[in-house]
>>> print(open('query_0.cif').read())   # mmCIF, C-alpha atoms
data_run
#
loop_
_atom_site.label_atom_id
_atom_site.label_comp_id
_atom_site.auth_asym_id
_atom_site.auth_seq_id
_atom_site.Cartn_x
_atom_site.Cartn_y
_atom_site.Cartn_z
CA MET A 1 -16.67 -2.43 63.15
CA ILE A 2 -18.10 -5.55 61.50
CA LEU A 3 -17.00 -4.34 58.07
CA ARG A 4 -13.51 -3.64 59.38
CA ASN A 5 -13.28 -7.16 60.78
CA LEU A 6 -14.42 -8.67 57.48
CA LEU A 7 -11.85 -6.71 55.52
CA SER A 8 -9.02 -7.19 57.96
CA MET A 9 -6.02 -9.12 56.71
CA ASN A 10 -5.06 -10.10 60.24
CA ARG A 11 -7.34 -13.08 60.52
CA PRO A 12 -6.13 -16.41 61.83
CA THR A 13 -5.44 -19.11 59.28
CA PRO A 14 -8.09 -21.81 59.45
CA ALA A 15 -6.90 -25.19 60.64
CA PRO A 16 -6.18 -27.62 57.82
CA LEU A 17 -8.75 -30.30 57.22
CA PRO A 18 -7.69 -33.86 57.92
CA ARG A 19 -7.18 -36.05 54.85
CA GLY A 20 -10.30 -37.55 53.46
CA ASP A 21 -12.46 -35.18 55.48
CA LEU A 22 -13.93 -32.91 52.84
CA LYS A 23 -16.07 -29.97 53.73
CA PRO A 24 -19.47 -30.16 52.01
CA VAL A 25 -19.98 -27.55 49.29
CA HIS A 26 -23.32 -26.37 50.64
CA ALA A 27 -21.68 -25.48 53.95
CA THR A 28 -19.41 -22.86 52.37
CA LYS A 29 -20.94 -19.42 52.43
CA LEU A 30 -20.15 -17.15 49.53
CA PRO A 31 -20.39 -13.40 49.86
CA SER A 32 -23.70 -12.04 48.68
CA SER A 33 -23.96 -9.60 45.79
CA GLU A 34 -26.64 -7.87 47.83
CA GLY A 35 -26.16 -6.30 51.20
CA LEU A 36 -24.39 -2.99 51.59
CA GLY A 37 -24.63 -2.28 47.87
CA VAL A 38 -20.88 -2.09 47.35
CA GLY A 39 -20.63 -5.59 45.93
CA SER A 40 -23.63 -5.16 43.68
CA TRP A 41 -22.22 -1.93 42.24
CA CYS A 42 -18.88 -3.64 41.53
CA GLN A 43 -20.68 -6.55 39.90
CA PHE A 44 -22.75 -4.17 37.75
CA ALA A 45 -19.67 -2.22 36.67
CA SER A 46 -17.81 -5.42 35.86
CA ASP A 47 -20.76 -6.83 33.89
CA SER A 48 -21.30 -3.62 31.92
CA ARG A 49 -17.58 -3.45 31.04
CA ARG A 50 -17.68 -7.08 29.94
CA PHE A 51 -20.83 -6.37 27.89
CA SER A 52 -19.24 -3.29 26.27
CA LEU A 53 -16.12 -5.25 25.39
CA SER A 54 -18.16 -8.05 23.83
CA ILE A 55 -20.16 -5.56 21.74
CA LEU A 56 -16.96 -3.81 20.65
CA SER A 57 -15.23 -7.05 19.69
CA ALA A 58 -18.30 -8.24 17.75
CA PHE A 59 -18.35 -4.92 15.88
CA LEU A 60 -14.63 -5.13 15.06
CA MET A 61 -14.97 -8.72 13.83
CA GLY A 62 -17.82 -7.60 11.58
CA VAL A 63 -15.75 -4.76 10.16
CA VAL A 64 -12.83 -7.10 9.47
CA ALA A 65 -15.12 -9.68 7.86
CA LEU A 66 -16.80 -7.11 5.63
CA GLY A 67 -13.50 -5.45 4.83
CA GLY A 68 -12.25 -8.72 3.39
CA CYS A 69 -15.21 -8.83 1.00
CA VAL A 70 -14.25 -5.63 -0.82
CA LYS A 71 -12.85 -6.45 -4.23
CA ASP A 72 -9.80 -4.67 -5.55
CA PRO A 73 -10.64 -2.37 -8.42
CA ALA A 74 -9.70 -3.66 -11.84
CA PRO A 75 -6.58 -2.17 -13.39
CA PRO A 76 -7.21 0.60 -15.91
CA GLN A 77 -7.72 -0.49 -19.48
CA PRO A 78 -5.25 1.03 -21.94
CA ILE A 79 -6.64 3.29 -24.64
CA ALA A 80 -5.47 3.02 -28.23
CA VAL A 81 -2.42 5.14 -28.95
CA ALA A 82 -4.29 6.66 -31.90
CA ASP A 83 -7.13 7.79 -29.58
CA ALA A 84 -4.86 9.20 -26.87
CA PRO A 85 -4.17 12.67 -28.35
CA GLU A 86 -7.81 13.58 -28.83
CA SER A 87 -8.83 12.10 -25.45
CA LEU A 88 -6.05 13.96 -23.63
CA GLN A 89 -6.87 17.29 -25.29
CA GLU A 90 -10.55 16.90 -24.38
CA ALA A 91 -9.89 15.87 -20.77
CA PHE A 92 -7.35 18.64 -20.13
CA LYS A 93 -9.22 21.46 -21.89
CA GLY A 94 -9.04 24.52 -19.64
CA ALA A 95 -6.12 23.16 -17.56
CA GLY A 96 -3.42 25.45 -16.21
CA PRO A 97 -0.48 26.50 -18.42
CA GLU A 98 1.97 23.90 -17.06
CA VAL A 99 -0.49 21.03 -17.54
CA ALA A 100 -1.52 22.33 -20.96
CA GLN A 101 2.15 22.42 -22.03
CA LEU A 102 2.67 18.81 -20.87
CA VAL A 103 -0.42 17.68 -22.78
CA ASN A 104 0.77 19.53 -25.91
CA ASP A 105 4.20 17.84 -25.58
CA ILE A 106 2.50 14.43 -25.30
CA VAL A 107 0.24 15.05 -28.28
CA GLY A 108 3.19 16.28 -30.39
CA ALA A 109 5.35 13.29 -29.43
CA LEU A 110 2.55 10.86 -30.21
CA GLY A 111 2.05 12.50 -33.61
CA LYS A 112 5.73 11.84 -34.39
CA LYS A 113 5.58 8.35 -32.86
CA ASN A 114 8.20 9.42 -30.34
CA PHE A 115 6.86 7.11 -27.64
CA GLY A 116 9.88 7.67 -25.39
CA LYS A 117 9.22 11.40 -25.07
CA ALA A 118 5.45 10.78 -24.74
CA SER A 119 6.03 8.19 -22.00
CA LEU A 120 8.26 10.51 -19.95
CA ALA A 121 5.81 13.39 -20.34
CA LEU A 122 2.89 11.16 -19.33
CA GLN A 123 4.85 10.03 -16.28
CA SER A 124 5.40 13.68 -15.34
CA LEU A 125 1.72 14.46 -15.92
CA SER A 126 0.60 11.52 -13.76
CA GLY A 127 2.72 12.72 -10.85
CA ARG A 128 0.88 16.04 -10.55
CA SER A 129 -1.36 16.62 -7.55
CA ASP A 130 -3.68 19.11 -9.26
CA LEU A 131 -5.41 16.62 -11.57
CA THR A 132 -8.94 15.30 -11.19
CA PRO A 133 -9.49 11.55 -10.70
CA ASP A 134 -10.76 11.28 -14.31
CA GLN A 135 -7.66 13.05 -15.62
CA LEU A 136 -5.38 10.77 -13.59
CA ASP A 137 -7.25 7.72 -14.89
CA LEU A 138 -6.90 8.86 -18.50
CA ALA A 139 -3.19 9.63 -18.05
CA ALA A 140 -2.65 6.14 -16.58
CA ARG A 141 -4.56 4.48 -19.41
CA ALA A 142 -2.61 6.44 -22.02
CA MET A 143 0.68 5.60 -20.30
CA LEU A 144 -0.12 1.88 -20.47
CA SER A 145 -0.60 1.97 -24.23
CA VAL A 146 2.34 4.33 -24.85
CA ASN A 147 4.68 2.16 -22.75
CA GLU A 148 3.55 -0.89 -24.71
CA ALA A 149 4.30 0.89 -28.00
CA LEU A 150 7.66 2.03 -26.59
CA ALA A 151 8.56 -1.57 -25.70
CA GLU A 152 7.62 -2.69 -29.23
CA GLN A 153 9.86 0.01 -30.71
CA ALA A 154 12.75 -1.06 -28.44
CA ASN A 155 12.28 -4.72 -29.35
CA SER A 156 12.37 -3.87 -33.04
CA GLY A 157 15.81 -2.25 -32.60
CA ASN A 158 14.94 1.45 -32.12
CA GLU A 159 17.95 2.76 -30.20
CA GLU A 160 16.15 5.86 -28.89
CA ALA A 161 13.38 3.68 -27.45
CA GLN A 162 15.96 1.35 -25.89
CA LYS A 163 17.74 4.31 -24.26
CA THR A 164 14.45 5.64 -22.90
CA LEU A 165 13.52 2.27 -21.40
CA GLN A 166 16.99 1.96 -19.87
CA PHE A 167 16.65 5.48 -18.40
CA LYS A 168 13.21 4.65 -16.97
CA ARG A 169 14.56 1.48 -15.34
CA MET A 170 17.46 3.37 -13.77
CA THR A 171 15.24 6.13 -12.37
CA LYS A 172 12.59 3.89 -10.81
#
>>> encode(input="query_0.cif", output="structure tokens")
Amino acid sequence: MILRNLLSMNRPTPAPLPRGDLKPVHATKLPSSEGLGVGSWCQFASDSRRFSLSILSAFLMGVVALGGCVKDPAPPQPIAVADAPESLQEAFKGAGPEVAQLVNDIVGALGKKNFGKASLALQSLSGRSDLTPDQLDLAARAMLSVNEALAEQANSGNEEAQKTLQFKRMTK
């Protein structure tokens, strides 16, 4: 019955205090966190939730802070065009027939200094999903040097190289 009266919303509104007549703070009674145990349980649950949230937010801030410290990997360094055929043959030794054919096409094109054909074949090779990370890295490094040689050929007036560069720009 006492609990029902305390929780009842049908209580009379207290009379307003006259102006200038302030009620002393020590006279106001606040509900105790002890007693029936209900309040203390609510306080514990609220505190533990607040504690969990603070731990979680501290963890997330740490992850974000450490994530910002990771440096981007350096771009791959191109290999010399002259070294590319031997490096590609070594890296792709034992590859499947399709990959082996692409590598042979690249090596043949490089031997003839047909950098346009070599560039397109390297691009096709780099797009394959069955390569190892080392093979992908080597293909990217070879493509950098072959594309540079292709640009030099185009700048020196080689029409085939110019057409290949134009085709690559259109198909990006």
>>> closest_residue(input="query_0.cif", among="A:Gln135, A:Ser145, A:Ser129, A:Ser124", to="Leu110 of chain A", atoms="all atoms listed in the file")
A:Ser145
>>> residues_around(input="query_0.cif", residues="Ala82 of chain A", least_positions_apart="6", cutoff="12 Å", atoms="only C-alpha atoms", output="list of chain:residue names")
A:Leu88, A:Val107, A:Ala109, A:Leu110, A:Gly111, A:Lys112, A:Lys113, A:Phe115, A:Ala142, A:Ser145, A:Val146, A:Ala149
>>> closest_residue(input="query_0.cif", among="A:Glu86, A:Met170, A:Gly116, A:Ala140", to="Asn158 of chain A", atoms="all atoms listed in the file")
A:Gly116
>>> resolve_selection(input="query_0.cif", expression="the PyMOL selection byres ((chain A and resi 168) around 12)", output="PyMOL selection string")
chain A and resi 116-117+119-121+123+147+150-151+161-167+169-172
>>> atom_distance(input="query_0.cif", atom1="atom CA of Gly96 of chain A", atom2="atom CA of Ile79 of chain A")
23.9 Å
>>> atom_distance(input="query_0.cif", atom1="atom CA of Ala118 of chain A", atom2="atom CA of Met143 of chain A")
8.3 Å
>>> atom_distance(input="query_0.cif", atom1="atom CA of Gly94 of chain A", atom2="atom CA of Pro133 of chain A")
15.8 Å
>>> resolve_selection(input="query_0.cif", expression="the PyMOL selection byres ((chain A and resi 137) around 12)", output="tab-separated table (two decimals) with C-alpha atoms, keeping the file's coordinate frame")
chain	number	residue	atom	x	y	z
A	75	PRO	CA	-6.58	-2.17	-13.39
A	76	PRO	CA	-7.21	0.60	-15.91
A	77	GLN	CA	-7.72	-0.49	-19.48
A	78	PRO	CA	-5.25	1.03	-21.94
A	79	ILE	CA	-6.64	3.29	-24.64
A	87	SER	CA	-8.83	12.10	-25.45
A	88	LEU	CA	-6.05	13.96	-23.63
A	91	ALA	CA	-9.89	15.87	-20.77
A	122	LEU	CA	2.89	11.16	-19.33
A	125	LEU	CA	1.72	14.46	-15.92
A	126	SER	CA	0.60	11.52	-13.76
A	127	GLY	CA	2.72	12.72	-10.85
A	131	LEU	CA	-5.41	16.62	-11.57
A	132	THR	CA	-8.94	15.30	-11.19
A	133	PRO	CA	-9.49	11.55	-10.70
A	134	ASP	CA	-10.76	11.28	-14.31
A	135	GLN	CA	-7.66	13.05	-15.62
A	136	LEU	CA	-5.38	10.77	-13.59
A	138	LEU	CA	-6.90	8.86	-18.50
A	139	ALA	CA	-3.19	9.63	-18.05
A	140	ALA	CA	-2.65	6.14	-16.58
A	141	ARG	CA	-4.56	4.48	-19.41
A	142	ALA	CA	-2.61	6.44	-22.02
A	143	MET	CA	0.68	5.60	-20.30
A	144	LEU	CA	-0.12	1.88	-20.47
>>> closest_residue(input="query_0.cif", among="A:Ala154, A:Gln89, A:Glu148, A:Ala74", to="Leu102 of chain A", atoms="only C-alpha atoms")
A:Gln89
